[in-house]
Amino acid sequence: MITFILADLRRFWSGALAVVVLIALSVALSVTVTLQERAVRLGSARAAEKFDLLVGAAGSETQLALSAVFLQPAPLPLMEGAVLSRLANDPRVELAAPVGFGDSAYGHPIVGTTTGLISSLSPSLSQGAMFSRLGEAVVGSDVALSAGAEIKPMHGTVETGGETHTAIAYKVTGRMVPTGTAWDRAILVPIRAVWQLHGMHGEDHDGETAEAHGAAGSDQGRHEDHEHEHGHLDADAPLDEHFDAQTPGVPAVLVKPKTIADAYRLRQEYRSGTTLGVFPAEVLTRLYATLGDARSLLLAIALGTQAIVIAAIVLVTIMHVGSRRRQIGALRALGTPVRSIVGLVWGELFILFAAGIVLGIAFGYLAALTISARLAASTAVRLPVGFTFDDLWLVGGFAAVAAIISIVPAFSALRSSPAAALRA
């Protein structure tokens, strides 16, 4: 029987190939959506798990998390520096690291922060040493700059017409190990260097927003920045990571509480009228819900596409069976059992479905890998693409539908008598 089926497929190889390709493309769409949604969910969760608590000025929780954790440029309001001082000296806090952004170099964001945050992200450096002066920098693992390289910061980006600062050129002293987060693409410098470079002092931040000092690509921010850039910056000045009530404003503070209970207390305490405390993981959970809705919509579209493709294939197959009525009639006239004829027609179509499903899974996997690689190249967030045990239900569903659908043309081959089939 198999020999007969394969011989028949070779006779009509072009039509068989078209059927397989159509099935493969429709299956690949479902597989790509499923794998990519899972990859984004897992990759973003792993990137956010290094940040326990985030404190910023009152505003959007989602934008605060995206900007501070994933380093997505956006206009964030500045929070009073006194908040950073309280967090840094709070006995419930193991680490309170400010983040200040707005500048870039070579397409990478420059982030002002502390040695404590760098050590938290990368307990050991893959190259060089930690910065110890205001004019030094540590780069992420994906930044193609070697130790000793000079970095001239630019306010904003080249694409948005950013202007290069002339007050300093940072010197690279070390490189972090890969973290699988957006910080692998960042250039990390002392937060005080960012403040001084932008002329920020403890009394200057009232009423100012991140358009002036924290949002890359804002034209208004660039002009305001140059109006404020009047402070002297000594690149050889030693590092000072002591923060008091006169500390300049910051868009966000990444906090590592000592205990889970402390984390919840701190979040509640800083969810006041002027500040906002959030767990990045909770923000991502809400984003996953939205992402899940989008996934459901895309899967519905994919399933609808598959239904249309399957219907078209069944119609074409029925027509193909009709054109072979004489052959089928001859087989029945020669005494071939009905079950054998049904098995031949069913087996031929099921083989086409099975081949299309296998190719579709392979195409979908490769497509998800390609999309994840492109996203990782732009965000540095590693998006793991892989199958799980639950995916067997998806594959089993495809196979079950293929087996059921293949029965329709098989039984259509038996509608006419052998004599009528031979006279056709």
# chains A, B, ... in the order shown; residues from 1 in each chain; ligands from 1
>>> closest_atom_pairs(of="stretch 7-44 of chain A", to="stretch 365-368 of chain A", cutoff="10 Å", atoms="only C-alpha atoms", output="tab-separated table")
residue	atom	partner	partner_atom	distance
A:Ala28	CA	A:Tyr365	CA	7.7
A:Leu29	CA	A:Ala367	CA	9.0
A:Val31	CA	A:Tyr365	CA	6.9
A:Thr32	CA	A:Ala368	CA	5.3
A:Val33	CA	A:Ala368	CA	7.9
A:Thr34	CA	A:Ala368	CA	9.0
A:Leu35	CA	A:Ala368	CA	6.3
A:Gln36	CA	A:Ala368	CA	5.5
A:Glu37	CA	A:Ala368	CA	9.3
A:Ala39	CA	A:Ala368	CA	8.5
>>> write_last_selection(atoms="C-alpha atoms", output="PDB file, in the first residue's frame")
ATOM      1  CA  ALA A  28       4.275  27.764  10.849  1.00  0.00           C
ATOM      2  CA  LEU A  29       2.179  30.834  11.680  1.00  0.00           C
ATOM      3  CA  VAL A  31       4.048  27.786  15.877  1.00  0.00           C
ATOM      4  CA  THR A  32       5.789  31.147  15.452  1.00  0.00           C
ATOM      5  CA  VAL A  33       3.140  32.994  17.482  1.00  0.00           C
ATOM      6  CA  THR A  34       3.252  30.408  20.273  1.00  0.00           C
ATOM      7  CA  LEU A  35       7.041  30.221  20.523  1.00  0.00           C
ATOM      8  CA  GLN A  36       7.606  33.962  20.199  1.00  0.00           C
ATOM      9  CA  GLU A  37       5.069  34.892  22.850  1.00  0.00           C
ATOM     10  CA  ALA A  39      10.185  33.695  24.393  1.00  0.00           C
TER      11      ALA A  39
END
>>> select_by_dssp(residues="stretch 138-201 of chain A", states="strand (DSSP E or B)", output="PyMOL selection string")
chain A and resi 138-139+150-151+154-155+163-164+170-176+187-190
>>> atom_distance(atom1="atom CA of A:Lys258", atom2="atom CA of A:Glu94")
5.4 Å
>>> atom_distance(atom1="atom CA of A:Gly102", atom2="atom CA of A:Met154")
8.6 Å
>>> closest_residue(among="A:Ile361, A:Ile110, A:Leu383, A:Ala186", to="A:Pro153", atoms="only C-alpha atoms")
A:Ile110
>>> closest_residue(among="A:Ala235, A:Ala377, A:Leu121, A:Ala45", to="A:Ala137", atoms="only C-alpha atoms")
A:Ala235
>>> select_by_dssp(residues="stretch 113-186 of chain A", states="alpha helix (DSSP H)", output="list in words")
Thr115, Gly116, Leu117, Ile118, Ser119, Ser120 and Leu121 of chain A
>>> write_last_selection(atoms="all heavy atoms", output="CSV table (one decimal), in the first residue's frame")
chain,number,residue,atom,x,y,z
A,115,THR,N,28.6,51.9,41.6
A,115,THR,CA,29.3,50.7,41.6
A,115,THR,C,28.5,49.6,42.2
A,115,THR,O,28.7,48.4,41.8
A,115,THR,CB,30.7,50.8,42.3
A,115,THR,OG1,30.4,51.3,43.7
A,115,THR,CG2,31.6,51.8,41.6
A,116,GLY,N,27.6,49.9,43.2
A,116,GLY,CA,26.8,48.9,43.8
A,116,GLY,C,25.9,48.2,42.8
A,116,GLY,O,25.7,47.0,42.9
A,117,LEU,N,25.3,49.0,41.9
A,117,LEU,CA,24.4,48.4,40.9
A,117,LEU,C,25.2,47.5,40.0
A,117,LEU,O,24.7,46.4,39.6
A,117,LEU,CB,23.6,49.4,40.2
A,117,LEU,CG,22.7,48.9,39.1
A,117,LEU,CD1,21.6,48.0,39.7
A,117,LEU,CD2,22.0,50.1,38.4
A,118,ILE,N,26.3,48.0,39.5
A,118,ILE,CA,27.1,47.2,38.6
A,118,ILE,C,27.5,45.9,39.2
A,118,ILE,O,27.4,44.8,38.6
A,118,ILE,CB,28.4,48.0,38.2
A,118,ILE,CG1,28.0,49.2,37.4
A,118,ILE,CG2,29.3,47.1,37.3
A,118,ILE,CD1,29.1,50.1,37.1
A,119,SER,N,27.9,45.9,40.5
A,119,SER,CA,28.3,44.7,41.2
A,119,SER,C,27.1,43.7,41.4
A,119,SER,O,27.2,42.5,41.4
A,119,SER,CB,28.9,45.0,42.6
A,119,SER,OG,30.1,45.7,42.4
A,120,SER,N,25.9,44.3,41.5
A,120,SER,CA,24.7,43.5,41.7
A,120,SER,C,24.4,42.8,40.3
A,120,SER,O,24.0,41.6,40.3
A,120,SER,CB,23.5,44.4,42.1
A,120,SER,OG,22.3,43.6,42.2
A,121,LEU,N,24.5,43.5,39.2
A,121,LEU,CA,24.3,42.9,37.9
A,121,LEU,C,25.4,42.0,37.5
A,121,LEU,O,25.1,40.9,36.9
A,121,LEU,CB,24.1,44.0,36.9
A,121,LEU,CG,22.9,44.9,37.0
A,121,LEU,CD1,23.0,46.1,36.0
A,121,LEU,CD2,21.6,44.1,36.7
